[in-house]
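Chemist: For reference, this is target27.cif, and it has mmCIF, C-alpha atoms and all ligand atoms.
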data_input
loop_
_atom_site.label_atom_id
_atom_site.label_comp_id
_atom_site.auth_asym_id
_atom_site.auth_seq_id
_atom_site.Cartn_x
_atom_site.Cartn_y
_atom_site.Cartn_z
CA MET A 234 5.15 -17.88 -8.32
CA PRO A 235 2.11 -18.50 -6.10
CA GLU A 236 0.23 -21.77 -6.27
CA ALA A 237 -3.54 -21.86 -6.43
CA THR A 238 -4.21 -22.67 -2.81
CA LYS A 239 -7.53 -22.46 -1.02
CA PRO A 240 -6.64 -21.86 2.61
CA SER A 241 -9.34 -22.88 5.06
CA GLN A 242 -7.27 -21.89 8.08
CA ILE A 243 -4.98 -19.12 9.27
CA GLN A 244 -2.54 -20.01 12.03
CA GLY A 245 -4.60 -23.12 12.69
CA LEU A 246 -7.86 -21.17 13.04
CA SER A 247 -10.73 -22.02 10.72
CA LEU A 248 -11.72 -19.17 8.39
CA GLU A 249 -15.28 -20.45 8.50
CA ALA A 250 -15.34 -20.16 12.29
CA ILE A 251 -13.86 -16.66 12.07
CA ALA A 252 -16.57 -15.64 9.57
CA GLN A 253 -19.19 -17.13 11.85
CA GLU A 254 -17.88 -15.25 14.88
CA PHE A 255 -17.46 -11.83 13.25
CA GLY A 256 -19.97 -12.00 10.38
CA THR A 257 -19.57 -11.13 6.71
CA PRO A 258 -18.36 -9.28 4.74
CA LEU A 259 -15.12 -9.49 6.67
CA TYR A 260 -11.47 -8.60 6.11
CA VAL A 261 -9.11 -11.06 7.83
CA TYR A 262 -5.34 -10.52 8.00
CA ASP A 263 -2.68 -13.08 8.88
CA GLY A 264 -0.24 -11.19 11.11
CA ASN A 265 2.46 -13.82 10.60
CA LYS A 266 2.48 -13.17 6.87
CA ILE A 267 3.06 -9.45 7.44
CA THR A 268 6.01 -10.01 9.77
CA SER A 269 7.53 -12.70 7.54
CA GLN A 270 7.41 -10.33 4.55
CA ILE A 271 9.23 -7.68 6.61
CA GLN A 272 11.81 -10.28 7.60
CA ALA A 273 12.26 -11.31 3.97
CA LEU A 274 13.17 -7.74 3.03
CA GLN A 275 15.47 -7.40 6.03
CA THR A 276 17.26 -10.57 4.95
CA ALA A 277 17.38 -9.59 1.27
CA PHE A 278 18.96 -6.22 2.12
CA ALA A 279 21.12 -7.40 5.02
CA GLY A 280 24.23 -5.94 3.36
CA VAL A 281 23.06 -2.31 3.70
CA ASN A 282 21.78 -0.11 6.49
CA LEU A 283 18.13 -0.74 5.61
CA LYS A 284 15.14 1.19 6.90
CA ILE A 285 11.71 -0.08 5.88
CA LYS A 286 8.97 2.54 5.76
CA TYR A 287 5.69 0.67 5.35
CA ALA A 288 3.34 2.54 2.98
CA THR A 289 0.42 3.14 5.33
CA LYS A 290 -2.07 3.77 2.55
CA ALA A 291 -2.10 0.08 1.61
CA LEU A 292 -3.75 -0.91 4.91
CA SER A 293 -3.94 1.74 7.58
CA ASN A 294 -5.46 -0.05 10.55
CA ILE A 295 -3.67 1.05 13.74
CA SER A 296 -3.23 -2.51 15.01
CA VAL A 297 -1.57 -3.44 11.71
CA LEU A 298 0.72 -0.41 12.08
CA LYS A 299 1.62 -1.58 15.59
CA LEU A 300 2.44 -5.03 14.24
CA VAL A 301 4.63 -3.46 11.54
CA LYS A 302 6.39 -1.44 14.24
CA SER A 303 6.97 -4.52 16.38
CA ALA A 304 8.70 -6.13 13.39
CA GLY A 305 11.16 -3.24 13.20
CA ALA A 306 9.78 -1.13 10.36
CA GLY A 307 8.77 2.54 10.22
CA VAL A 308 6.02 4.06 8.09
CA ASP A 309 5.52 6.19 5.01
CA ALA A 310 2.54 8.54 5.26
CA VAL A 311 0.98 10.33 2.30
CA SER A 312 -1.33 12.58 4.31
CA ILE A 313 -1.25 14.37 7.64
CA GLU A 314 -3.94 11.96 8.79
CA GLU A 315 -1.67 8.99 8.06
CA VAL A 316 1.07 10.78 10.02
CA ARG A 317 -1.34 10.97 12.95
CA LEU A 318 -2.25 7.29 12.60
CA GLY A 319 1.47 6.45 12.73
CA LEU A 320 1.93 8.52 15.88
CA LEU A 321 -1.14 6.89 17.42
CA ALA A 322 0.36 3.49 16.65
CA GLY A 323 3.42 4.48 18.66
CA PHE A 324 5.97 5.35 15.99
CA GLN A 325 8.51 8.01 16.92
CA PRO A 326 8.23 11.05 14.64
CA ASN A 327 11.64 10.25 13.14
CA GLU A 328 10.35 6.80 12.09
CA ILE A 329 7.65 8.45 9.97
CA MET A 330 8.29 9.67 6.43
CA TYR A 331 5.71 12.16 5.16
CA THR A 332 5.45 11.96 1.35
CA PRO A 333 2.52 14.12 0.27
CA ASN A 334 1.58 15.17 -3.23
CA CYS A 335 -0.09 18.49 -4.03
CA VAL A 336 -0.93 19.33 -0.43
CA SER A 337 -1.06 22.83 1.00
CA PHE A 338 1.97 24.41 2.64
CA GLU A 339 -0.09 24.60 5.83
CA GLU A 340 -0.32 20.80 5.89
CA VAL A 341 3.44 20.52 5.38
CA GLN A 342 3.93 22.90 8.33
CA GLU A 343 1.67 20.75 10.45
CA ALA A 344 3.88 17.77 9.67
CA VAL A 345 6.98 19.81 10.55
CA ASN A 346 5.38 20.64 13.89
CA LEU A 347 4.77 16.94 14.51
CA GLY A 348 8.49 16.34 13.94
CA VAL A 349 8.32 13.82 11.09
CA MET A 350 10.65 13.53 8.08
CA ILE A 351 9.37 15.72 5.25
CA ASN A 352 9.59 14.62 1.63
CA LEU A 353 8.74 17.37 -0.90
CA ASP A 354 7.80 16.80 -4.49
CA ASN A 355 7.40 20.17 -6.14
CA LEU A 356 9.53 23.28 -6.61
CA PRO A 357 7.15 25.99 -5.34
CA ILE A 358 6.64 24.25 -1.98
CA LEU A 359 10.35 23.46 -1.79
CA ALA A 360 11.10 27.18 -2.19
CA GLN A 361 8.45 28.12 0.36
CA PHE A 362 9.93 25.56 2.74
CA GLY A 363 13.40 27.02 2.25
CA GLN A 364 12.12 30.53 2.85
CA GLU A 365 10.36 29.50 6.04
CA TYR A 366 12.86 27.10 7.59
CA GLY A 367 16.24 27.66 5.87
CA ASN A 368 18.54 24.95 7.19
CA GLN A 369 16.57 24.42 10.42
CA ILE A 370 14.49 21.45 9.25
CA PRO A 371 16.09 18.64 7.25
CA VAL A 372 14.13 17.69 4.17
CA CYS A 373 14.03 14.96 1.54
CA ILE A 374 13.34 15.61 -2.14
CA ARG A 375 11.23 13.33 -4.29
CA ILE A 376 12.77 13.01 -7.73
CA ASN A 377 10.86 11.86 -10.78
CA PRO A 378 13.42 9.77 -12.65
CA HIS A 379 11.16 9.37 -15.69
CA ILE A 380 11.27 5.64 -15.77
CA MET A 381 8.24 3.83 -17.10
CA ALA A 382 7.67 1.22 -14.45
CA GLY A 383 4.80 -0.71 -13.03
CA GLY A 384 2.08 -2.95 -14.36
CA ASN A 385 0.14 -0.32 -16.31
CA ALA A 386 -0.23 3.44 -16.76
CA LYS A 387 -2.71 3.68 -13.89
CA ILE A 388 -0.20 2.50 -11.33
CA SER A 389 3.02 3.78 -12.83
CA VAL A 390 3.91 7.15 -11.32
CA GLY A 391 7.47 7.78 -12.50
CA HIS A 392 6.82 8.45 -16.18
CA ILE A 393 7.13 11.79 -17.98
CA HIS A 394 3.44 12.72 -17.69
CA SER A 395 3.24 11.82 -14.02
CA LYS A 396 2.31 14.44 -11.44
CA PHE A 397 4.67 12.93 -8.87
CA GLY A 398 8.13 14.13 -7.92
CA ILE A 399 10.33 16.90 -9.25
CA SER A 400 11.65 16.04 -12.69
CA ILE A 401 15.28 14.99 -12.78
CA HIS A 402 15.48 17.40 -15.73
CA GLN A 403 14.86 20.19 -13.22
CA LEU A 404 17.81 19.25 -11.05
CA ASP A 405 19.46 22.63 -11.66
CA ASP A 406 16.32 24.41 -10.45
CA ILE A 407 16.29 22.21 -7.34
CA LEU A 408 19.93 23.01 -6.63
CA LYS A 409 19.30 26.73 -7.06
CA VAL A 410 16.43 26.71 -4.53
CA VAL A 411 18.51 24.64 -2.11
CA SER A 412 21.47 26.98 -2.32
CA ASP A 413 19.37 30.18 -2.30
CA TYR A 414 17.91 29.24 1.07
CA GLY A 415 20.83 27.18 2.40
CA MET A 416 18.55 24.17 2.82
CA LEU A 417 19.56 20.95 4.55
CA ILE A 418 18.76 18.08 2.18
CA THR A 419 19.21 14.78 4.01
CA GLY A 420 17.39 12.43 1.64
CA LEU A 421 16.54 11.81 -1.99
CA HIS A 422 13.55 9.69 -2.97
CA VAL A 423 12.11 7.91 -5.97
CA HIS A 424 8.94 5.86 -6.16
CA THR A 425 8.23 4.78 -9.70
CA GLY A 426 5.01 2.87 -9.29
CA SER A 427 3.37 -0.35 -8.28
CA ASP A 428 4.01 -3.83 -9.62
CA ILE A 429 7.68 -3.46 -10.44
CA LEU A 430 9.01 -6.79 -11.51
CA ASP A 431 12.72 -6.74 -11.58
CA ALA A 432 15.94 -5.44 -10.16
CA GLU A 433 16.63 -3.50 -13.36
CA VAL A 434 13.90 -0.94 -12.65
CA PHE A 435 15.14 -0.41 -9.13
CA LEU A 436 18.66 -0.07 -10.44
CA LYS A 437 17.57 2.44 -13.08
CA GLY A 438 15.84 4.52 -10.41
CA GLY A 439 18.88 3.99 -8.20
CA ASN A 440 21.29 5.22 -10.83
CA VAL A 441 19.32 8.43 -11.21
CA LEU A 442 19.47 8.87 -7.43
CA PHE A 443 23.18 8.01 -7.26
CA GLU A 444 24.07 10.59 -9.86
CA ALA A 445 21.92 13.31 -8.33
CA ALA A 446 23.15 12.45 -4.83
CA MET A 447 26.67 13.60 -5.64
CA LYS A 448 25.30 17.17 -5.70
CA PHE A 449 23.92 16.94 -2.15
CA PRO A 450 26.69 16.73 0.49
CA ASP A 451 24.46 16.32 3.59
CA LEU A 452 22.55 13.16 2.68
CA LYS A 453 21.69 10.55 5.30
CA PHE A 454 19.58 8.24 3.17
CA LEU A 455 18.38 7.33 -0.30
CA ASP A 456 14.79 6.14 -0.55
CA PHE A 457 13.95 3.71 -3.35
CA GLY A 458 10.18 3.77 -2.77
CA GLY A 459 7.90 0.74 -2.96
CA GLY A 460 6.27 -1.20 -5.74
CA PHE A 461 7.42 -4.78 -5.27
CA LYS A 462 5.05 -7.00 -7.20
CA VAL A 463 3.24 -9.84 -5.51
CA GLY A 464 1.51 -12.71 -7.30
CA TYR A 465 -2.22 -12.34 -7.75
CA LYS A 466 -2.84 -15.44 -9.83
CA PRO A 467 -1.11 -18.76 -10.30
CA GLY A 468 1.77 -18.35 -12.69
CA ASP A 469 2.16 -14.60 -12.09
CA VAL A 470 5.75 -13.49 -12.12
CA THR A 471 6.59 -11.79 -8.84
CA THR A 472 9.45 -9.61 -7.70
CA ASP A 473 12.31 -11.76 -6.46
CA VAL A 474 13.25 -9.56 -3.50
CA PHE A 475 16.41 -11.56 -2.86
CA GLN A 476 17.63 -10.89 -6.38
CA VAL A 477 16.64 -7.23 -6.14
CA GLY A 478 18.26 -7.11 -2.69
CA SER A 479 21.58 -8.50 -3.83
CA LYS A 480 21.81 -6.35 -6.97
CA VAL A 481 20.71 -3.14 -5.28
CA THR A 482 23.00 -3.84 -2.31
CA GLU A 483 25.98 -4.22 -4.60
CA ALA A 484 25.19 -1.01 -6.49
CA PHE A 485 24.47 0.86 -3.27
CA GLN A 486 27.72 -0.17 -1.63
CA GLU A 487 29.56 0.96 -4.73
CA PHE A 488 27.73 4.29 -4.62
CA CYS A 489 28.52 4.81 -0.92
CA LYS A 490 32.21 4.41 -1.74
CA SER A 491 32.13 7.18 -4.32
CA TYR A 492 29.94 9.31 -2.07
CA GLY A 493 32.50 8.88 0.69
CA ARG A 494 30.08 7.88 3.42
CA ASN A 495 27.67 5.07 4.23
CA LEU A 496 24.08 6.16 3.81
CA GLU A 497 20.88 4.42 4.86
CA LEU A 498 18.81 2.72 2.18
CA TRP A 499 15.09 3.22 2.63
CA LEU A 500 12.28 1.16 1.07
CA GLU A 501 8.56 1.91 1.16
CA PRO A 502 6.74 -1.32 0.43
CA GLY A 503 2.98 -1.34 0.79
CA LYS A 504 1.53 -4.18 -1.23
CA PHE A 505 4.50 -6.45 -0.60
CA LEU A 506 4.03 -6.36 3.16
CA VAL A 507 0.26 -6.74 3.45
CA SER A 508 -1.36 -7.95 0.22
CA GLU A 509 -0.96 -11.69 0.74
CA SER A 510 -1.87 -11.46 4.42
CA GLY A 511 -5.43 -10.44 3.58
CA TYR A 512 -8.64 -12.37 2.86
CA LEU A 513 -12.00 -10.82 2.11
CA ILE A 514 -14.72 -13.26 3.16
CA VAL A 515 -18.18 -12.63 1.74
CA LYS A 516 -21.45 -14.57 1.73
CA THR A 517 -23.42 -15.68 -1.31
CA ASN A 518 -26.82 -14.01 -1.34
CA VAL A 519 -28.01 -15.55 -4.57
CA VAL A 520 -26.88 -17.77 -7.41
CA LYS A 521 -28.45 -16.34 -10.53
CA GLN A 522 -28.59 -18.15 -13.81
CA THR A 523 -28.99 -16.25 -17.08
CA PRO A 524 -29.02 -17.83 -20.54
CA GLN A 525 -25.34 -16.88 -20.83
CA LEU A 526 -23.76 -16.87 -17.39
CA THR A 527 -24.11 -17.93 -13.81
CA PHE A 528 -23.70 -15.10 -11.36
CA VAL A 529 -22.75 -15.49 -7.72
CA GLY A 530 -24.21 -12.42 -6.03
CA VAL A 531 -22.43 -11.69 -2.74
CA ASP A 532 -22.94 -9.40 0.25
CA SER A 533 -20.15 -7.06 -0.86
CA GLY A 534 -19.04 -5.25 -3.98
CA LEU A 535 -16.81 -2.56 -5.41
CA ASN A 536 -17.56 -0.54 -2.30
CA HIS A 537 -15.40 -3.00 -0.33
CA LEU A 538 -12.95 -4.19 -2.97
CA ILE A 539 -12.56 -1.70 -5.78
CA ARG A 540 -9.36 -3.07 -7.32
CA PRO A 541 -11.01 -5.37 -9.91
CA MET A 542 -13.11 -2.52 -11.34
CA LEU A 543 -10.52 0.25 -10.83
CA TYR A 544 -7.35 -1.49 -11.95
CA ASP A 545 -8.65 -4.60 -13.73
CA ALA A 546 -6.99 -6.41 -10.84
CA TYR A 547 -7.30 -10.16 -10.61
CA HIS A 548 -8.03 -11.63 -7.18
CA GLU A 549 -8.08 -15.36 -6.74
CA VAL A 550 -11.39 -16.51 -5.35
CA TYR A 551 -12.71 -19.79 -3.93
CA ASN A 552 -15.74 -21.31 -2.27
CA LEU A 553 -14.78 -21.81 1.37
CA SER A 554 -17.99 -23.69 2.11
CA ASN A 555 -17.36 -26.31 -0.57
CA ILE A 556 -13.61 -26.51 -1.10
CA GLU A 557 -13.55 -29.87 -2.90
CA GLY A 558 -16.83 -29.63 -4.82
CA ASN A 559 -17.41 -29.89 -8.57
CA PRO A 560 -15.93 -26.92 -10.40
CA LYS A 561 -18.29 -24.75 -12.43
CA SER A 562 -17.87 -21.43 -14.20
CA TYR A 563 -19.14 -18.34 -12.39
CA ASN A 564 -19.04 -14.57 -12.41
CA VAL A 565 -18.77 -13.33 -8.85
CA VAL A 566 -20.52 -9.97 -8.60
CA GLY A 567 -21.39 -7.51 -5.87
CA TYR A 568 -24.67 -6.04 -4.65
CA ILE A 569 -23.87 -2.50 -5.82
CA CYS A 570 -26.09 -0.84 -8.42
CA GLU A 571 -23.24 -0.47 -10.84
CA THR A 572 -21.38 -3.10 -12.80
CA ASP A 573 -19.25 -4.51 -10.03
CA THR A 574 -17.71 -7.71 -11.23
CA LEU A 575 -15.30 -8.92 -8.60
CA ALA A 576 -14.19 -12.02 -10.51
CA ALA A 577 -15.24 -12.89 -14.06
CA ASP A 578 -15.43 -16.33 -15.61
CA ARG A 579 -13.90 -18.31 -12.75
CA MET A 580 -14.05 -21.97 -11.90
CA LEU A 581 -15.42 -22.35 -8.37
CA SER A 582 -16.58 -25.44 -6.53
CA GLU A 583 -20.34 -25.49 -6.98
CA VAL A 584 -21.84 -22.50 -5.19
CA ASN A 585 -25.13 -22.43 -3.30
CA SER A 586 -26.72 -19.48 -1.60
CA GLY A 587 -25.25 -19.02 1.85
CA ASP A 588 -21.79 -20.24 0.80
CA LEU A 589 -18.78 -18.27 1.94
CA ILE A 590 -16.61 -16.93 -0.89
CA VAL A 591 -13.04 -15.85 -0.19
CA PHE A 592 -10.96 -13.30 -2.12
CA LYS A 593 -7.23 -13.72 -1.69
CA ASN A 594 -4.55 -11.02 -1.70
CA ALA A 595 -7.04 -8.58 -0.24
CA GLY A 596 -4.73 -7.05 2.36
CA ALA A 597 -3.43 -4.16 0.27
CA TYR A 598 -5.72 -1.44 -1.08
CA GLY A 599 -8.76 -3.43 0.02
CA PHE A 600 -10.27 -1.98 3.16
CA SER A 601 -8.22 1.21 2.79
CA MET A 602 -10.05 1.99 -0.47
CA ALA A 603 -13.48 0.90 0.79
CA SER A 604 -16.34 3.38 0.71
CA ASN A 605 -19.97 3.77 1.70
CA TYR A 606 -21.24 3.90 -1.89
CA ASN A 607 -24.88 2.83 -2.19
CA SER A 608 -25.08 3.73 1.51
CA ARG A 609 -23.58 0.37 2.36
CA LEU A 610 -21.64 -0.15 5.56
CA ARG A 611 -17.95 -0.96 5.59
CA PRO A 612 -16.88 -4.40 6.81
CA ALA A 613 -15.20 -5.36 10.06
CA GLU A 614 -11.49 -6.18 10.15
CA VAL A 615 -9.88 -9.06 12.04
CA LEU A 616 -6.18 -9.65 12.67
CA VAL A 617 -5.01 -13.17 13.39
CA PHE A 618 -2.22 -12.55 15.85
CA LYS A 619 -0.47 -15.14 18.03
CA ASN A 620 -2.99 -17.80 16.98
CA GLN A 621 -5.98 -15.72 17.98
CA ALA A 622 -8.51 -13.92 15.82
CA LYS A 623 -8.87 -10.37 17.14
CA LEU A 624 -11.36 -7.75 16.02
CA ILE A 625 -9.35 -4.66 14.97
CA ARG A 626 -12.20 -2.63 13.48
CA LYS A 627 -15.88 -2.91 14.23
CA ARG A 628 -18.35 -3.35 11.44
CA GLU A 629 -20.03 -0.02 10.69
CA ASP A 630 -23.66 0.44 11.61
CA PHE A 631 -26.39 2.75 10.37
CA ASP A 632 -25.47 5.40 12.96
CA ASP A 633 -21.98 5.64 11.44
CA LEU A 634 -23.57 6.35 8.09
CA VAL A 635 -25.65 9.31 9.26
CA ARG A 636 -23.33 10.58 12.02
CA ASN A 637 -22.06 13.67 10.20
CA GLN A 638 -25.19 14.54 8.32
CA VAL A 639 -26.86 17.76 9.33
CA VAL A 640 -30.54 17.25 8.74
CA LEU A 641 -32.35 20.44 7.78
CA ASP A 642 -35.81 21.28 8.97
CA ILE A 643 -37.55 21.23 5.61
C1 LIG B 701 1.83 3.93 -2.67
C2 LIG B 701 3.21 4.28 -2.33
C3 LIG B 701 4.13 3.27 -1.95
C4 LIG B 701 3.77 1.80 -1.90
O1 LIG B 701 3.50 1.23 -3.15
P1 LIG B 701 3.25 -0.37 -3.22
O2 LIG B 701 3.00 -0.62 -4.66
O3 LIG B 701 2.07 -0.67 -2.38
O4 LIG B 701 4.49 -1.02 -2.70
C5 LIG B 701 5.39 3.67 -1.60
N1 LIG B 701 5.77 4.97 -1.61
C6 LIG B 701 4.91 5.95 -1.97
C7 LIG B 701 5.37 7.35 -1.96
C8 LIG B 701 3.62 5.64 -2.35
O5 LIG B 701 2.78 6.62 -2.71
#
Kindly transcribe the structure held in the file into structure tokens.

Modeler:
Amino acid sequence: MPEATKPSQIQGLSLEAIAQEFGTPLYVYDGNKITSQIQALQTAFAGVNLKIKYATKALSNISVLKLVKSAGAGVDAVSIEEVRLGLLAGFQPNEIMYTPNCVSFEEVQEAVNLGVMINLDNLPILAQFGQEYGNQIPVCIRINPHIMAGGNAKISVGHIHSKFGISIHQLDDILKVVSDYGMLITGLHVHTGSDILDAEVFLKGGNVLFEAAMKFPDLKFLDFGGGFKVGYKPGDVTTDVFQVGSKVTEAFQEFCKSYGRNLELWLEPGKFLVSESGYLIVKTNVVKQTPQLTFVGVDSGLNHLIRPMLYDAYHEVYNLSNIEGNPKSYNVVGYICETDTLAADRMLSEVNSGDLIVFKNAGAYGFSMASNYNSRLRPAEVLVFKNQAKLIRKREDFDDLVRNQVVLDI
């Protein structure tokens, strides 16, 4: 359960000074938080042969990937481009899991050529894969266990109407394809969605995997996906990874006994590793009073942090320039010509124009979902690493915006 804290420093460095040095809007990540989250998982699952595959899509900066690698994790990539980012960051191909959805067979072949682990989630491509490669290339199969998990329907991907995975009800079809082409299935995978609270959901997904696994004699690993919930507001219930770790470890060890061999247990956390490391620092352009509300208009918006508008996500927010001031009620909104409420009806220390406003838990699905909507430029990114604030992505400029436009002579 997170407390409502208003950090003014990361690793002893002032956030205000960082904002001054690199400008706003700015994404800042605390590298120590990322490595300590990896260590927490390693500790929680110490009883199994654990492999962590960080879900790149949460925050795909190459320096962050390198940090993740230095802490002993691999990566999960959902596109060929994320595979390439992983390779650029120095991961060995066998440390990269490629879990695409509805991509072309050509893209899958590209991933095969790069030597990464392939995870397939539909029958037609599985059959095509078998036809092309037979038993030459090991492959993992993504199973949809049909478990309703996750905070809401938008982020739950394991349910019956979900487009992800091959339905567990189609297991016989899977087995037929595998045997028709003599395929080498070395992994089974489930990922049921984001914001999974408790061990029970993991165990439910696990039980589906355990049962199916008995039909696949060549397995090396079972992949339980990601989805550990982190706290976004004070009082939020969060996943207790130590409880999940101990329960899943016990069930997994039991499974390995009946399987007859020790397999690796893979996890693909995204949010859990990077969400709490991240801060989005923005500047107040205007404080605007209406008869009803007081708006804090900032130099950012849904183009930089889309989660509040897309998922109704709650991000804690505070006034960095006036930490101890008198609390007043505000709506923090962006500068986009669209309703882009970043934080509604919040108590902030009195805000004046020029004040720096900080959004917490902005590490996951923050920058990676940022866009150029309204022809706005994307922010810079800074990683605080070994007590130093390092620029890891330059702020975009106008040239970046027009770079790929082909201007006709009209
Ligand atoms: C998005 C995703 C994850 C990570 O989900 P989080 O909620 O960020 O932990 C893991 N595996 C796959 C296949 C994903 O698509």

Chemist: Just checking: using only C-alpha atoms and all ligand atoms, which residue out of A:Ser508, A:Ser412, A:Gln270, A:Thr238 ends up closest to ligand LIG 701 (chain B)?

Modeler: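 Looking only at the distances to ligand LIG 701 (chain B), the closest residue turns out to be A:Ser508.
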
Chemist: Could you name the residues that touch Asn620 (chain A) at 8 Å or less, counting only C-alpha atoms, but leaving out those on the same chain fewer than 4 positions away, as a list in words?

Modeler: Gln244, Gly245 and Leu246 of chain A

Chemist: Give the residue list for ligand LIG 701 (chain B) at 8 Å, counting all atoms listed in the file, as a list in words, sorted by chain and then by residue number.

Modeler: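 Within the 8 Å cut-off, the matching residues are Tyr287, Ala288, Lys290, Ala291, Asp309, Ala310, Val311, Thr332, Pro333, Val423, His424, Gly426, Ser427, Asp428, Ile429, Gly458, Gly459, Gly460, Phe461, Lys462, Leu500, Glu501, Pro502, Gly503, Lys504, Phe505, Leu506, Ala597 and Tyr598 of chain A.
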
Chemist: Given the choices A:Leu543, A:Ile313, A:Ala484, A:Val584, which gets closest to Val520 (chain A) if the distance is worked out from only C-alpha atoms?

Modeler: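 Of the candidates, the smallest distance to Val520 (chain A) is held by A:Val584.
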
Chemist: Using only C-alpha atoms, which residues sit within 6 Å of Pro612 (chain A) once same-chain residues fewer than 2 positions away are excluded, as a VMD selection string?

Modeler: chain A and resid 258 to 259 628

Chemist: Just the number, please: distance in Å from CA of Ser491 (chain A) to CA of Lys453 (chain A), one decimal.

Modeler: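 Calculated distance between CA of Ser491 (chain A) and CA of Lys453 (chain A) is 14.6 Å.
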
Chemist: Counting only C-alpha atoms, what is within 8 Å of Phe618 (chain A), bar same-chain residues fewer than 2 positions away, as a count of residues only?

Modeler: 8

Chemist: Mind running region 417-464 of chain A against region 393-410 of chain A at 10 Å and telling me each contacting residue's nearest atom pair with the distance in Å (one decimal), counting only C-alpha atoms, chain and number ascending, as JSON lines?

Modeler:
{"residue": "A:His422", "atom": "CA", "partner": "A:Gly398", "partner_atom": "CA", "distance": 8.6}
{"residue": "A:Val423", "atom": "CA", "partner": "A:Gly398", "partner_atom": "CA", "distance": 7.6}
{"residue": "A:His424", "atom": "CA", "partner": "A:Gly398", "partner_atom": "CA", "distance": 8.5}
{"residue": "A:Thr425", "atom": "CA", "partner": "A:Phe397", "partner_atom": "CA", "distance": 8.9}
{"residue": "A:Val441", "atom": "CA", "partner": "A:Ile401", "partner_atom": "CA", "distance": 7.9}
{"residue": "A:Leu442", "atom": "CA", "partner": "A:Ile401", "partner_atom": "CA", "distance": 9.1}
{"residue": "A:Ala445", "atom": "CA", "partner": "A:Leu404", "partner_atom": "CA", "distance": 7.7}
{"residue": "A:Lys448", "atom": "CA", "partner": "A:Leu408", "partner_atom": "CA", "distance": 8.0}
{"residue": "A:Phe449", "atom": "CA", "partner": "A:Leu408", "partner_atom": "CA", "distance": 8.5}

Chemist: Can you write out the residues you just picked, keeping C-alpha atoms, as a JSON list (two decimals), keeping the file's coordinate frame?

Modeler:
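Done, and the output landed in again_29.json:
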[["chain", "number", "residue", "atom", "x", "y", "z"],
["A", 422, "HIS", "CA", 13.55, 9.69, -2.97],
["A", 423, "VAL", "CA", 12.11, 7.91, -5.97],
["A", 424, "HIS", "CA", 8.94, 5.86, -6.16],
["A", 425, "THR", "CA", 8.23, 4.78, -9.70],
["A", 441, "VAL", "CA", 19.32, 8.43, -11.21],
["A", 442, "LEU", "CA", 19.47, 8.87, -7.43],
["A", 445, "ALA", "CA", 21.92, 13.31, -8.33],
["A", 448, "LYS", "CA", 25.30, 17.17, -5.70],
["A", 449, "PHE", "CA", 23.92, 16.94, -2.15]]

Chemist: As a ChimeraX atom specification, please: the residues near Val411 (chain A) (cut-off 12 Å, all atoms listed in the file, same-chain neighbours under 2 positions excluded).

Modeler: /A:356-364,366-368,371-374,404-409,413-419,448-451

Chemist: Between CA of Leu589 (chain A) and CA of Asp469 (chain A), what is the distance, to one decimal in Å?

Modeler: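 So the two atoms, CA of Leu589 (chain A) and CA of Asp469 (chain A), lie 25.5 Å apart.
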
Chemist: Within 7 Å of region 302-304 of chain A, counting all atoms listed in the file, which residues show up once you throw out same-chain ones fewer than 4 positions away? Write them as a PyMOL selection string, please.

Modeler: chain A and resi 268+271+298

Chemist: What is the distance between CA of Ile590 (chain A) and CA of Ala252 (chain A), in Å to one decimal?

Modeler: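 Interatomic distance, CA of Ile590 (chain A) to CA of Ala252 (chain A): 10.5 Å.
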
Chemist: Can you work out which one of A:Asp630, A:Phe457, A:Gln342, A:Phe528 has the shortest atom-to-atom distance to Ala613 (chain A), counting all atoms listed in the file?

Modeler: A:Asp630

Chemist: Distance cut-off 12 Å, centre (-29.9, -0.4, -2.6) in file coordinates, counting all atoms listed in the file: which residues qualify? Return them as a PyMOL selection string.

Modeler: chain A and resi 532-534+567-571+605-610

Chemist: Measuring atom to atom with all atoms listed in the file, identify which of A:Lys437, A:Ser269, A:Val341, A:Asn352 is nearest to Pro378 (chain A).

Modeler: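 That would be A:Lys437, the residue with the smallest distance to Pro378 (chain A).
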